[in-house]
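First up is the structure itself, then whatever we jot down about it.
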Amino acid sequence: MNYPLPAAARQYVADHLHDDPAKLALQARRYPGLPVPELVRQIQARQKARTKLPAWADNPDLIFPPALSVEQASSARTAAFKASLVSGQRLVDLTGGFGVDATHFAEQIPEVHYVERDPGLVAVVEYNLAQLGITNISCHAGDALSFLKSTPDTFDWIYLDPARRNPADKKIYRLQDCEPDVLRILPLLLHKGNRVLLKTSPMLDIEQALLELKQVRRLWVVAVDNECKEVLYELSPEPAVDPERYTVNLLRNGQQQEFRLNKARETRAIARYAEAQGYLYEPNVAVLKAGGFKSVGTAFELLKLHQHSHLYTSDVLRADFPGRIFRIVATERYDRDALRAHLGPKPEPTSRPATFPTPWLIFATVPASGKVATYTCLPPRTCRADWRFWSVKSCRQHHLSM
C-alpha cells in the first residue's frame, strides 16, 4: 500500500469505520477504483485499536499494520506507564512492533532507537512518526541480536517485548521459547545497556522468571481495569537479592492503585482472621499475581476471612485499599431462600434487560468459623473509584465469588 492514502480511499475508511469488515470484503466490486481488501484491513486494525489506542484510531493520517500487530501492541495506558519508569539520554526498543512503546519512550528520552525485523512494519512506523511530528526516534530494520552486535552505541535503557507466538501462531510463555531468547542474549544486553526493561506475559510464573533471569533488580505487575496485562522486569548487572515487586492497577478514570511488596515481607506477614465485619475487600489482580496474599492485609490492618480465601474485612473503611471494596449489608448461611429475601423477587421474562431494585453482589466463601457463608454486598460510592469497577449492568447480575 502506498502512503498517504488517496482522498477517496481515506473517505472510504472514514465512511465504513464502524461496519462489519467481512461484509465490506464481500462488497468490494461496488468500488472498482479502490483497493478494498487493503482498506478493509485498515478498518479492521482501527477497530481493534479503538479501545487500547483511541487517539491513534481517531487519527485519519495514520496507517495501520495488520490487525495482529495492533492486537500485540501495548495499549496507550500501559505504554505511558512504562515510559514513566525510564530516564537518561538514549534508549533502544529492540522489538519495535507498531511503535506504541517507542513513541511513549520518546516523550521521556531525547534519543530513541526503534528496531524491528519486519521491513513492512518499519515503513509503516516511519510514515506514522512523520505524521505525528516525532523526530527523536531512529528506525532500524533488522533483528535485535544483529543490531546489538553492530551498533557502537551503548544505552541507558534497553527495552524488549519478545514475540510470544511460535511459527505455528500458537501462544508461548516460557522465556527460552520467545524471540529473541532473552536468556541467551542477556550477557550482551547487560554489556550494551545500563538497565534492561523486559516485558513478559502475565501467564509466566514470577518465581520461575526470577530464577531463570537471575539479574532482576525490581519488577512491576501491571493491570488495566483489574485485568492483568503484563509483568515488567528491570534487569541490571547489580541484581537485588529479593527484588521489590510493585503492583499497579491503571483505572479508567486516570487514577491508579499501587502496592509494594517483596518475598521476605510476604513470608513474615502474619494474617489475622475474623468473621465478616462492615466491609469486604478483594485485592486487585496485580497484587495477587505478585504474590501479595498476606502482606496486603497486614499493610492495611485488615482481617482475613479464611486461610485459603483472599477476602479481607474490617469495621473501618480503608478507601486506599488496592482492590475492590464492598459494604456488607447482610451475612447469611448458604441458603437460597435467605438470599432471595435480600435480592427480591426474580424479574419476569422480558425482551428488555432485567432490572433488579438494588445492585447486590453475592460473595460465598468459608470464613473463620468453617461453615460456608454468603455476604450480600454493595460497592460503597464513597470508596474512591472502586464503584466504577461495576457498571449498572454488571451490578445487576447475581455475582458469586468462591
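All residue names refer to the C-alpha cells as shown: chains lettered A, B, ... in order, residues numbered from 1 in each chain, ligands numbered from 1 in order.
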
Fewer than 6 positions away in the same chain doesn't count, so skip those; otherwise give me all residues within 12 Å of Glu238 in chain A, counting only C-alpha atoms, as an mmCIF file with C-alpha atoms, in the first residue's frame.
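Generated output (selection.cif):
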data_model
loop_
_atom_site.group_PDB
_atom_site.id
_atom_site.type_symbol
_atom_site.label_atom_id
_atom_site.label_comp_id
_atom_site.auth_asym_id
_atom_site.auth_seq_id
_atom_site.Cartn_x
_atom_site.Cartn_y
_atom_site.Cartn_z
ATOM 1 C CA LEU A 190 23.790 -6.023 30.040
ATOM 2 C CA ASN A 194 22.933 0.120 31.867
ATOM 3 C CA ARG A 195 19.405 -1.185 32.505
ATOM 4 C CA VAL A 196 17.164 -3.624 30.649
ATOM 5 C CA LYS A 214 18.927 -14.004 37.925
ATOM 6 C CA GLN A 215 19.729 -10.326 37.189
ATOM 7 C CA VAL A 216 16.418 -8.797 38.331
ATOM 8 C CA ARG A 217 16.644 -5.558 40.315
ATOM 9 C CA ARG A 218 12.881 -4.969 40.648
#

Exercise: Asp118 in chain A partners within 9 Å, only C-alpha atoms, chain neighbours under 6 positions left out, as a list in words:
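Everything that qualifies: Gly97, Ala141, Gly142 and Asp143 of chain A.
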
Can you list, as a list in words, every protein, DNA or RNA residue that comes within 12 Å of Asn166 in chain A when you count only C-alpha atoms, leaving out same-chain residues fewer than 2 positions away?
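After dropping sequence-adjacent residues, the list is Pro162, Ala163, Arg164, Ala168, Asp169, Lys170, Lys171, Ile172, Tyr173, Arg174, Gln176, Asp177, Cys178, Glu179 and Pro180 of chain A.
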
So which bits of range 231-374 of chain A end up alpha helix (DSSP H) when you DSSP the backbone, as a list in words?
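Result set for range 231-374 of chain A (alpha helix (DSSP H)): Lys263, Ala264, Arg265, Glu266, Thr267, Arg268, Val285, Ala286, Val287, Leu288, Lys289, Ser295, Val296, Gly297, Thr298, Ala299, Arg336, Asp337, Ala338, Leu339, Arg340, Ala341, His342 and Leu343 of chain A.
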
Would you work out the distance separating CA of Thr313 in chain A from CA of Phe363 in chain A, expressed in Å to one decimal?
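Between these atoms lies a distance of 12.5 Å.
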
Find the residue from A:Arg50, A:Lys82, A:His16, A:Arg336 that sits nearest to Val248 in chain A; use only C-alpha atoms when measuring.
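Distance minimum relative to Val248 in chain A lands on A:Lys82.
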
Rounded to one decimal place, report the CA of Asn226 in chain A-CA of Ala76 in chain A distance in Å.
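We find that CA of Asn226 in chain A and CA of Ala76 in chain A lie 16.2 Å from each other.
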
I'd like the contact shell of range 121-137 of chain A - 8 Å cut-off, only C-alpha atoms, skipping same-chain residues fewer than 5 positions apart - returned as a PyMOL selection string.
chain A and resi 3+61-65+97-99+102-103+106+110-114+116

Write to file, as an mmCIF file, in the first residue's frame, the residues of the selection just made, with N, CA and C atoms.
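Output saved as part-v3.cif:
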data_model
loop_
_atom_site.group_PDB
_atom_site.id
_atom_site.type_symbol
_atom_site.label_atom_id
_atom_site.label_comp_id
_atom_site.auth_asym_id
_atom_site.auth_seq_id
_atom_site.Cartn_x
_atom_site.Cartn_y
_atom_site.Cartn_z
ATOM 1 N N TYR A 3 1.642 5.225 0.686
ATOM 2 C CA TYR A 3 1.287 6.227 1.683
ATOM 3 C C TYR A 3 1.578 7.610 1.088
ATOM 4 N N ASP A 61 -4.721 10.360 9.584
ATOM 5 C CA ASP A 61 -3.456 10.455 8.864
ATOM 6 C C ASP A 61 -2.565 9.238 9.055
ATOM 7 N N LEU A 62 -2.884 8.386 10.024
ATOM 8 C CA LEU A 62 -2.017 7.254 10.319
ATOM 9 C C LEU A 62 -2.363 6.037 9.480
ATOM 10 N N ILE A 63 -1.354 5.226 9.223
ATOM 11 C CA ILE A 63 -1.519 3.950 8.534
ATOM 12 C C ILE A 63 -1.390 2.840 9.574
ATOM 13 N N PHE A 64 -2.235 1.828 9.473
ATOM 14 C CA PHE A 64 -2.215 0.734 10.440
ATOM 15 C C PHE A 64 -1.682 -0.538 9.793
ATOM 16 N N PRO A 65 -0.888 -1.307 10.538
ATOM 17 C CA PRO A 65 -0.408 -2.603 10.052
ATOM 18 C C PRO A 65 -1.516 -3.644 10.187
ATOM 19 N N GLY A 97 7.752 -3.418 16.859
ATOM 20 C CA GLY A 97 6.352 -3.630 16.521
ATOM 21 C C GLY A 97 5.702 -2.417 15.904
ATOM 22 N N PHE A 98 4.525 -2.062 16.380
ATOM 23 C CA PHE A 98 3.744 -0.949 15.845
ATOM 24 C C PHE A 98 4.279 0.407 16.316
ATOM 25 N N GLY A 99 5.254 0.393 17.217
ATOM 26 C CA GLY A 99 5.880 1.635 17.641
ATOM 27 C C GLY A 99 5.204 2.359 18.787
ATOM 28 N N ALA A 102 7.727 2.816 21.670
ATOM 29 C CA ALA A 102 8.801 3.738 21.273
ATOM 30 C C ALA A 102 8.332 5.189 21.297
ATOM 31 N N THR A 103 7.116 5.455 20.820
ATOM 32 C CA THR A 103 6.633 6.840 20.800
ATOM 33 C C THR A 103 6.444 7.382 22.214
ATOM 34 N N ALA A 106 9.837 8.132 23.673
ATOM 35 C CA ALA A 106 10.390 9.354 23.073
ATOM 36 C C ALA A 106 9.931 10.615 23.790
ATOM 37 N N PRO A 110 15.616 11.709 25.074
ATOM 38 C CA PRO A 110 15.941 12.515 23.892
ATOM 39 C C PRO A 110 16.271 11.708 22.643
ATOM 40 N N GLU A 111 16.891 10.525 22.802
ATOM 41 C CA GLU A 111 17.308 9.723 21.641
ATOM 42 C C GLU A 111 16.788 8.296 21.785
ATOM 43 N N VAL A 112 15.871 7.927 20.907
ATOM 44 C CA VAL A 112 15.256 6.597 20.951
ATOM 45 C C VAL A 112 15.541 5.879 19.645
ATOM 46 N N HIS A 113 15.929 4.618 19.737
ATOM 47 C CA HIS A 113 16.144 3.776 18.558
ATOM 48 C C HIS A 113 15.084 2.683 18.538
ATOM 49 N N TYR A 114 14.455 2.547 17.391
ATOM 50 C CA TYR A 114 13.388 1.555 17.178
ATOM 51 C C TYR A 114 13.941 0.478 16.251
ATOM 52 N N GLU A 116 13.084 -3.261 14.397
ATOM 53 C CA GLU A 116 12.009 -4.181 14.024
ATOM 54 C C GLU A 116 12.470 -5.013 12.830
#

Could you pull out the residues in range 62-284 of chain A that DSSP calls strand (DSSP E) from the backbone, as a short mmCIF file (atom, residue, chain, number, x, y, z; two decimals) with C-alpha atoms, in the first residue's frame?
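Saved result, selection.cif, follows:
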data_model
loop_
_atom_site.label_atom_id
_atom_site.label_comp_id
_atom_site.auth_asym_id
_atom_site.auth_seq_id
_atom_site.Cartn_x
_atom_site.Cartn_y
_atom_site.Cartn_z
CA ARG A 90 19.48 7.07 24.96
CA LEU A 91 17.09 4.10 24.77
CA VAL A 92 16.60 1.30 22.26
CA ASP A 93 13.39 -0.67 21.74
CA GLU A 111 17.31 9.72 21.64
CA VAL A 112 15.26 6.60 20.95
CA HIS A 113 16.14 3.78 18.56
CA TYR A 114 13.39 1.56 17.18
CA VAL A 115 14.41 -1.91 15.91
CA GLU A 116 12.01 -4.18 14.02
CA ILE A 137 13.21 8.19 17.00
CA SER A 138 15.61 6.46 14.58
CA CYS A 139 14.19 3.37 12.85
CA HIS A 140 16.28 0.28 12.04
CA ALA A 141 15.14 -2.75 10.02
CA PHE A 155 22.21 2.73 26.04
CA ASP A 156 20.80 3.94 29.32
CA TRP A 157 17.88 1.55 28.78
CA ILE A 158 17.22 -1.43 26.51
CA TYR A 159 13.58 -2.44 26.16
CA LEU A 160 12.32 -5.80 24.90
CA GLY A 193 22.73 -1.28 28.36
CA ASN A 194 22.93 0.12 31.87
CA ARG A 195 19.40 -1.19 32.50
CA VAL A 196 17.16 -3.62 30.65
CA LEU A 197 13.36 -3.41 30.83
CA LEU A 198 11.81 -6.75 29.86
CA LYS A 199 8.11 -7.22 29.27
CA THR A 200 6.65 -10.70 29.70
CA VAL A 216 16.42 -8.80 38.33
CA ARG A 217 16.64 -5.56 40.31
CA ARG A 218 12.88 -4.97 40.65
CA LEU A 219 9.66 -5.77 38.84
CA TRP A 220 6.21 -4.36 38.16
CA VAL A 221 2.93 -6.21 37.70
CA VAL A 222 0.65 -4.03 35.56
CA ALA A 223 -3.13 -4.40 35.37
CA VAL A 224 -5.64 -2.28 33.47
CA GLU A 227 -7.16 -7.25 34.20
CA CYS A 228 -3.50 -8.26 34.42
CA LYS A 229 -1.75 -7.18 31.21
CA GLU A 230 2.00 -7.54 31.65
CA VAL A 231 4.90 -8.08 34.04
CA LEU A 232 7.95 -5.86 33.68
CA TYR A 233 11.41 -6.84 34.94
CA GLU A 234 14.26 -4.38 35.40
CA LEU A 235 17.50 -6.27 34.76
CA GLU A 244 10.88 -5.30 45.12
CA ARG A 245 7.56 -6.10 43.47
CA TYR A 246 5.47 -3.07 42.53
CA THR A 247 1.84 -3.62 41.61
CA VAL A 248 -0.18 -1.07 39.69
CA ASN A 249 -3.79 -1.20 38.55
CA LEU A 250 -4.48 1.54 35.97
CA GLN A 256 -4.08 4.01 39.73
CA GLN A 257 -3.96 1.61 42.65
CA GLU A 258 -0.47 0.81 43.89
CA PHE A 259 1.04 -1.65 46.34
CA ARG A 260 4.60 -2.75 47.04
CA LEU A 261 5.95 -5.97 48.49
CA TYR A 279 -16.59 -4.01 54.76
CA LEU A 280 -15.30 -6.69 52.39
CA TYR A 281 -12.03 -6.27 50.44
CA GLU A 282 -10.80 -8.14 47.39
CA PRO A 283 -7.20 -7.38 46.24
#

Between CA of Cys377 in chain A and CA of Gly278 in chain A, what is the distance, to one decimal in Å?
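One can read the CA of Cys377 in chain A to CA of Gly278 in chain A distance as 9.8 Å.
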
Would you pick out the contacts of Ala45 in chain A at 12 Å or less, using only C-alpha atoms, so that residues sharing its chain but fewer than 5 positions from it are not included, and give the list as a list in words?
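Here the answer would be Val13, Leu17, His18, Pro21, Glu38, Leu39, Val40, Arg50, Thr51, Lys52, Leu53, Pro54, Trp56, Ala57, Asp58, Leu62, Ile63, Phe64, Pro65, Pro66, Ala67, Leu68, Ser69, Val70, Glu71, Gln72, Ala73 and Phe98 of chain A.
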
For Ile185 in chain A, work out the shell of residues within 10 Å, counting only C-alpha atoms and skipping chain neighbours fewer than 3 positions away, then give it as an MDAnalysis selection string.
chainID A and resid 144:145 148 180:182 188:190

Quick one: write out the picked residues with C-alpha atoms as a short mmCIF file (atom, residue, chain, number, x, y, z; two decimals), in the first residue's frame?
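File out_23.cif, as written:
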data_model
loop_
_atom_site.label_atom_id
_atom_site.label_comp_id
_atom_site.auth_asym_id
_atom_site.auth_seq_id
_atom_site.Cartn_x
_atom_site.Cartn_y
_atom_site.Cartn_z
CA ALA A 144 17.65 -7.44 17.84
CA LEU A 145 20.81 -9.52 18.07
CA LEU A 148 23.28 -5.04 19.24
CA PRO A 180 14.52 -13.07 20.91
CA ASP A 181 15.67 -15.53 23.56
CA VAL A 182 16.47 -13.15 26.41
CA LEU A 188 25.14 -8.91 25.58
CA LEU A 189 22.10 -6.91 26.75
CA LEU A 190 23.79 -6.02 30.04
#
